[in-house]
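**Student:** Below are the structure tokens for one structure; questions will follow.
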Amino acid sequence: MNVAASVFDEAIAAGLLLSRQGEHIHIESPLGRPLLEDLRRRITSHRSELLAWLDWCERADELLLDCSRRLAYRYPTGCPLEDAEWRAAESRLHAAYRSQDHETWCAELAAYERFALNYFAAFEKEHGHAR
């Protein structure tokens, strides 16, 4: 995991939200938790990496949201999304997100969408649901 993703995850675990505001990192504490000094130092020392990570997240999240909307429209009611095959697909998607590589992300997101649509179709076939 890259340092920016690691610091970002630490902030989330501490109940903090990080966002870009121009060339600055905005820190919000919706739960009222304090920013610990050690985490503040890491945020400050990795500012440029965090800004790049936040930019990446914004672009990648837009693509993920589009995919999620398409899948939500096709989701068959009652279809479980918790078996090992589904978790493996989500794990691959998560790894591609963490790569910060646009080509890898787009390819894995497309593979995930194909997987989900095939998964939905198999569920519909097995349970007699048809769209």
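Residue numbers start at 1 in each chain; chains themselves are named A, B, ... in the order of the structure tokens; ligands are numbered from 1 in the order shown.
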Neighbouring residues of Ala11 (chain A) were defined as those with any atom within 12 Å, considering only C-alpha atoms; residues of the same chain fewer than 2 positions away were excluded. Please report them as a PyMOL selection string.
**Tutor:** chain A and resi 4-9+13-19+25-30+33-43+50
**Student:** Out of A:Gln21, A:Tyr112, A:Phe120, A:Glu82, which residue has the shortest atom-to-atom distance to Leu54 (chain A) when counting only C-alpha atoms?
**Tutor:**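 Of the candidates, the smallest distance to Leu54 (chain A) is held by A:Gln21.
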**Student:** Let me make sure I understand: among A:Leu31, A:Ala95, A:Cys106, A:Ala88, which one has the smallest atom-to-atom distance to Glu62 (chain A) if we use only C-alpha atoms?
**Tutor:**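 Smallest separation from Glu62 (chain A) among the options: A:Cys106.
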**Student:** Which residue out of A:Ala60, A:Leu65, A:Phe115, A:Ala107 has the minimum interatomic distance to Arg87 (chain A) when only C-alpha atoms are used?
**Tutor:** A:Phe115
**Student:** Can you pull out every residue from chain A that DSSP, working from the backbone, puts in helix (DSSP H, G or I), and format the result as a short mmCIF file (atom, residue, chain, number, x, y, z; two decimals) with N, CA and C atoms, in the first residue's frame?
**Tutor:**
```cif
data_model
loop_
_atom_site.label_atom_id
_atom_site.label_comp_id
_atom_site.auth_asym_id
_atom_site.auth_seq_id
_atom_site.Cartn_x
_atom_site.Cartn_y
_atom_site.Cartn_z
N VAL A 3 2.06 5.17 0.72
CA VAL A 3 2.04 5.94 1.96
C VAL A 3 0.79 6.82 2.05
N ALA A 4 0.36 7.41 0.95
CA ALA A 4 -0.83 8.28 0.99
C ALA A 4 -2.07 7.48 1.35
N ALA A 5 -2.22 6.30 0.76
CA ALA A 5 -3.37 5.45 1.09
C ALA A 5 -3.32 5.04 2.55
N SER A 6 -2.14 4.76 3.05
CA SER A 6 -1.97 4.36 4.44
C SER A 6 -2.36 5.49 5.40
N VAL A 7 -1.89 6.69 5.12
CA VAL A 7 -2.21 7.85 5.97
C VAL A 7 -3.71 8.15 5.87
N PHE A 8 -4.25 8.06 4.67
CA PHE A 8 -5.69 8.27 4.47
C PHE A 8 -6.49 7.27 5.30
N ASP A 9 -6.09 6.00 5.27
CA ASP A 9 -6.77 4.97 6.05
C ASP A 9 -6.66 5.24 7.55
N GLU A 10 -5.51 5.71 7.99
CA GLU A 10 -5.34 6.06 9.41
C GLU A 10 -6.30 7.16 9.81
N ALA A 11 -6.45 8.15 8.94
CA ALA A 11 -7.37 9.26 9.23
C ALA A 11 -8.81 8.75 9.33
N ILE A 12 -9.21 7.90 8.40
CA ILE A 12 -10.56 7.33 8.43
C ILE A 12 -10.75 6.53 9.72
N ALA A 13 -9.77 5.71 10.08
CA ALA A 13 -9.87 4.91 11.31
C ALA A 13 -9.96 5.79 12.54
N GLU A 37 -1.46 14.32 17.22
CA GLU A 37 -0.26 15.00 16.73
C GLU A 37 0.54 14.13 15.76
N ASP A 38 0.68 12.85 16.06
CA ASP A 38 1.44 11.95 15.19
C ASP A 38 0.80 11.87 13.80
N LEU A 39 -0.52 11.78 13.75
CA LEU A 39 -1.23 11.73 12.47
C LEU A 39 -1.12 13.08 11.75
N ARG A 40 -1.20 14.18 12.48
CA ARG A 40 -1.04 15.51 11.88
C ARG A 40 0.32 15.63 11.21
N ARG A 41 1.36 15.13 11.88
CA ARG A 41 2.71 15.18 11.31
C ARG A 41 2.79 14.36 10.01
N ARG A 42 2.18 13.17 10.02
CA ARG A 42 2.20 12.33 8.80
C ARG A 42 1.42 12.99 7.67
N ILE A 43 0.30 13.60 7.99
CA ILE A 43 -0.47 14.30 6.96
C ILE A 43 0.35 15.44 6.38
N THR A 44 0.98 16.20 7.24
CA THR A 44 1.80 17.33 6.80
C THR A 44 3.00 16.88 5.98
N SER A 45 3.68 15.84 6.45
CA SER A 45 4.90 15.41 5.75
C SER A 45 4.61 14.70 4.43
N ARG A 47 1.93 15.58 2.41
CA ARG A 47 0.90 16.43 1.81
C ARG A 47 0.78 16.23 0.30
N SER A 48 1.88 16.28 -0.42
CA SER A 48 1.80 16.17 -1.88
C SER A 48 1.27 14.80 -2.30
N GLU A 49 1.72 13.74 -1.62
CA GLU A 49 1.21 12.40 -1.94
C GLU A 49 -0.27 12.29 -1.62
N LEU A 50 -0.68 12.89 -0.49
CA LEU A 50 -2.10 12.86 -0.13
C LEU A 50 -2.96 13.64 -1.11
N LEU A 51 -2.47 14.78 -1.57
CA LEU A 51 -3.22 15.55 -2.58
C LEU A 51 -3.38 14.73 -3.86
N ALA A 52 -2.32 14.05 -4.27
CA ALA A 52 -2.42 13.20 -5.46
C ALA A 52 -3.39 12.04 -5.21
N TRP A 53 -3.35 11.46 -4.01
CA TRP A 53 -4.27 10.37 -3.66
C TRP A 53 -5.72 10.87 -3.70
N LEU A 54 -5.98 12.04 -3.12
CA LEU A 54 -7.33 12.60 -3.12
C LEU A 54 -7.82 12.89 -4.53
N ASP A 55 -6.93 13.38 -5.40
CA ASP A 55 -7.29 13.59 -6.81
C ASP A 55 -7.65 12.26 -7.47
N TRP A 56 -6.81 11.25 -7.23
CA TRP A 56 -7.07 9.92 -7.78
C TRP A 56 -8.42 9.40 -7.31
N CYS A 57 -8.68 9.50 -6.02
CA CYS A 57 -9.93 9.00 -5.45
C CYS A 57 -11.13 9.66 -6.10
N GLU A 58 -11.04 10.94 -6.34
CA GLU A 58 -12.16 11.66 -6.96
C GLU A 58 -12.44 11.11 -8.37
N ARG A 59 -11.39 10.95 -9.16
CA ARG A 59 -11.58 10.44 -10.53
C ARG A 59 -12.07 8.98 -10.51
N ALA A 60 -11.43 8.16 -9.68
CA ALA A 60 -11.80 6.75 -9.62
C ALA A 60 -13.20 6.56 -9.06
N ASP A 61 -13.57 7.37 -8.07
CA ASP A 61 -14.89 7.26 -7.47
C ASP A 61 -16.00 7.62 -8.46
N GLU A 62 -15.74 8.56 -9.35
CA GLU A 62 -16.73 8.90 -10.38
C GLU A 62 -17.03 7.69 -11.26
N LEU A 63 -15.98 6.99 -11.67
CA LEU A 63 -16.15 5.79 -12.49
C LEU A 63 -16.86 4.68 -11.71
N LEU A 64 -16.49 4.53 -10.45
CA LEU A 64 -17.11 3.51 -9.61
C LEU A 64 -18.60 3.82 -9.39
N LEU A 65 -18.92 5.07 -9.20
CA LEU A 65 -20.32 5.46 -9.01
C LEU A 65 -21.14 5.17 -10.26
N ASP A 66 -20.59 5.47 -11.42
CA ASP A 66 -21.29 5.15 -12.68
C ASP A 66 -21.55 3.66 -12.79
N CYS A 67 -20.54 2.86 -12.50
CA CYS A 67 -20.67 1.40 -12.54
C CYS A 67 -21.72 0.94 -11.53
N SER A 68 -21.66 1.47 -10.33
CA SER A 68 -22.60 1.08 -9.27
C SER A 68 -24.03 1.40 -9.66
N ARG A 69 -24.24 2.52 -10.31
CA ARG A 69 -25.60 2.88 -10.76
C ARG A 69 -26.11 1.88 -11.79
N ARG A 70 -25.24 1.52 -12.73
CA ARG A 70 -25.65 0.55 -13.75
C ARG A 70 -25.97 -0.80 -13.10
N LEU A 71 -25.14 -1.22 -12.16
CA LEU A 71 -25.37 -2.50 -11.50
C LEU A 71 -26.61 -2.46 -10.61
N ALA A 72 -26.85 -1.36 -9.95
CA ALA A 72 -28.04 -1.24 -9.10
C ALA A 72 -29.31 -1.39 -9.94
N TYR A 73 -29.29 -0.86 -11.14
CA TYR A 73 -30.44 -0.96 -12.03
C TYR A 73 -30.69 -2.42 -12.43
N ARG A 74 -29.63 -3.19 -12.57
CA ARG A 74 -29.73 -4.59 -13.02
C ARG A 74 -29.80 -5.61 -11.88
N ALA A 84 -17.89 -16.36 -1.58
CA ALA A 84 -16.44 -16.24 -1.81
C ALA A 84 -16.13 -15.66 -3.19
N GLU A 85 -16.91 -16.03 -4.18
CA GLU A 85 -16.68 -15.52 -5.54
C GLU A 85 -16.89 -14.00 -5.58
N TRP A 86 -17.94 -13.53 -4.92
CA TRP A 86 -18.23 -12.09 -4.90
C TRP A 86 -17.14 -11.34 -4.12
N ARG A 87 -16.75 -11.90 -2.98
CA ARG A 87 -15.69 -11.26 -2.18
C ARG A 87 -14.37 -11.20 -2.96
N ALA A 88 -14.07 -12.24 -3.73
CA ALA A 88 -12.84 -12.24 -4.53
C ALA A 88 -12.89 -11.14 -5.60
N ALA A 89 -14.05 -10.97 -6.24
CA ALA A 89 -14.20 -9.92 -7.25
C ALA A 89 -14.02 -8.55 -6.60
N GLU A 90 -14.59 -8.37 -5.43
CA GLU A 90 -14.43 -7.08 -4.74
C GLU A 90 -12.99 -6.86 -4.29
N SER A 91 -12.31 -7.91 -3.91
CA SER A 91 -10.91 -7.80 -3.50
C SER A 91 -10.04 -7.37 -4.68
N ARG A 92 -10.28 -7.95 -5.86
CA ARG A 92 -9.54 -7.54 -7.06
C ARG A 92 -9.82 -6.08 -7.40
N LEU A 93 -11.06 -5.66 -7.25
CA LEU A 93 -11.43 -4.28 -7.53
C LEU A 93 -10.74 -3.34 -6.54
N HIS A 94 -10.73 -3.72 -5.28
CA HIS A 94 -10.08 -2.92 -4.25
C HIS A 94 -8.57 -2.78 -4.55
N ALA A 95 -7.93 -3.86 -4.93
CA ALA A 95 -6.50 -3.81 -5.26
C ALA A 95 -6.24 -2.90 -6.46
N ALA A 96 -7.11 -2.95 -7.45
CA ALA A 96 -6.95 -2.08 -8.62
C ALA A 96 -7.11 -0.61 -8.22
N TYR A 97 -8.05 -0.33 -7.34
CA TYR A 97 -8.24 1.04 -6.85
C TYR A 97 -6.97 1.52 -6.16
N ARG A 98 -6.41 0.68 -5.30
CA ARG A 98 -5.21 1.04 -4.56
C ARG A 98 -3.99 1.21 -5.47
N SER A 99 -4.03 0.64 -6.66
CA SER A 99 -2.89 0.74 -7.57
C SER A 99 -2.66 2.17 -8.06
N HIS A 102 -4.67 4.18 -13.76
CA HIS A 102 -5.95 4.38 -14.45
C HIS A 102 -6.31 3.20 -15.35
N GLU A 103 -5.35 2.70 -16.12
CA GLU A 103 -5.64 1.57 -17.01
C GLU A 103 -6.03 0.33 -16.22
N THR A 104 -5.28 0.05 -15.15
CA THR A 104 -5.59 -1.11 -14.31
C THR A 104 -6.97 -0.95 -13.70
N TRP A 105 -7.27 0.25 -13.19
CA TRP A 105 -8.56 0.51 -12.57
C TRP A 105 -9.70 0.32 -13.57
N CYS A 106 -9.58 0.91 -14.74
CA CYS A 106 -10.65 0.81 -15.74
C CYS A 106 -10.85 -0.64 -16.19
N ALA A 107 -9.76 -1.36 -16.39
CA ALA A 107 -9.86 -2.75 -16.82
C ALA A 107 -10.53 -3.60 -15.74
N GLU A 108 -10.13 -3.42 -14.50
CA GLU A 108 -10.71 -4.22 -13.41
C GLU A 108 -12.15 -3.82 -13.14
N LEU A 109 -12.47 -2.54 -13.28
CA LEU A 109 -13.84 -2.09 -13.10
C LEU A 109 -14.75 -2.70 -14.17
N ALA A 110 -14.27 -2.75 -15.41
CA ALA A 110 -15.03 -3.39 -16.49
C ALA A 110 -15.19 -4.89 -16.23
N ALA A 111 -14.13 -5.54 -15.75
CA ALA A 111 -14.21 -6.97 -15.43
C ALA A 111 -15.19 -7.21 -14.29
N TYR A 112 -15.18 -6.33 -13.30
CA TYR A 112 -16.09 -6.44 -12.16
C TYR A 112 -17.54 -6.29 -12.63
N GLU A 113 -17.78 -5.34 -13.50
CA GLU A 113 -19.14 -5.15 -14.00
C GLU A 113 -19.61 -6.37 -14.80
N ARG A 114 -18.74 -6.91 -15.65
CA ARG A 114 -19.10 -8.12 -16.39
C ARG A 114 -19.38 -9.28 -15.43
N PHE A 115 -18.52 -9.44 -14.43
CA PHE A 115 -18.71 -10.49 -13.43
C PHE A 115 -20.08 -10.32 -12.76
N ALA A 116 -20.37 -9.11 -12.30
CA ALA A 116 -21.63 -8.87 -11.59
C ALA A 116 -22.84 -9.15 -12.49
N LEU A 117 -22.79 -8.72 -13.72
CA LEU A 117 -23.92 -8.96 -14.63
C LEU A 117 -24.11 -10.45 -14.89
N ASN A 118 -23.01 -11.18 -15.05
CA ASN A 118 -23.11 -12.64 -15.21
C ASN A 118 -23.64 -13.29 -13.94
N TYR A 119 -23.19 -12.81 -12.80
CA TYR A 119 -23.63 -13.31 -11.50
C TYR A 119 -25.14 -13.09 -11.35
N PHE A 120 -25.60 -11.89 -11.71
CA PHE A 120 -27.03 -11.57 -11.64
C PHE A 120 -27.83 -12.47 -12.57
N ALA A 121 -27.31 -12.66 -13.78
CA ALA A 121 -28.02 -13.50 -14.77
C ALA A 121 -28.13 -14.94 -14.27
N ALA A 122 -27.07 -15.45 -13.67
CA ALA A 122 -27.11 -16.82 -13.13
C ALA A 122 -28.13 -16.92 -12.00
N PHE A 123 -28.20 -15.91 -11.16
CA PHE A 123 -29.19 -15.90 -10.07
C PHE A 123 -30.61 -15.89 -10.64
N GLU A 124 -30.82 -15.03 -11.64
CA GLU A 124 -32.15 -14.94 -12.25
C GLU A 124 -32.56 -16.25 -12.91
N LYS A 125 -31.61 -16.89 -13.58
CA LYS A 125 -31.89 -18.16 -14.23
C LYS A 125 -32.24 -19.23 -13.20
N GLU A 126 -31.46 -19.27 -12.12
CA GLU A 126 -31.68 -20.27 -11.08
C GLU A 126 -33.00 -20.05 -10.33
N HIS A 127 -33.38 -18.79 -10.17
CA HIS A 127 -34.56 -18.48 -9.35
C HIS A 127 -35.77 -18.07 -10.18
#
```
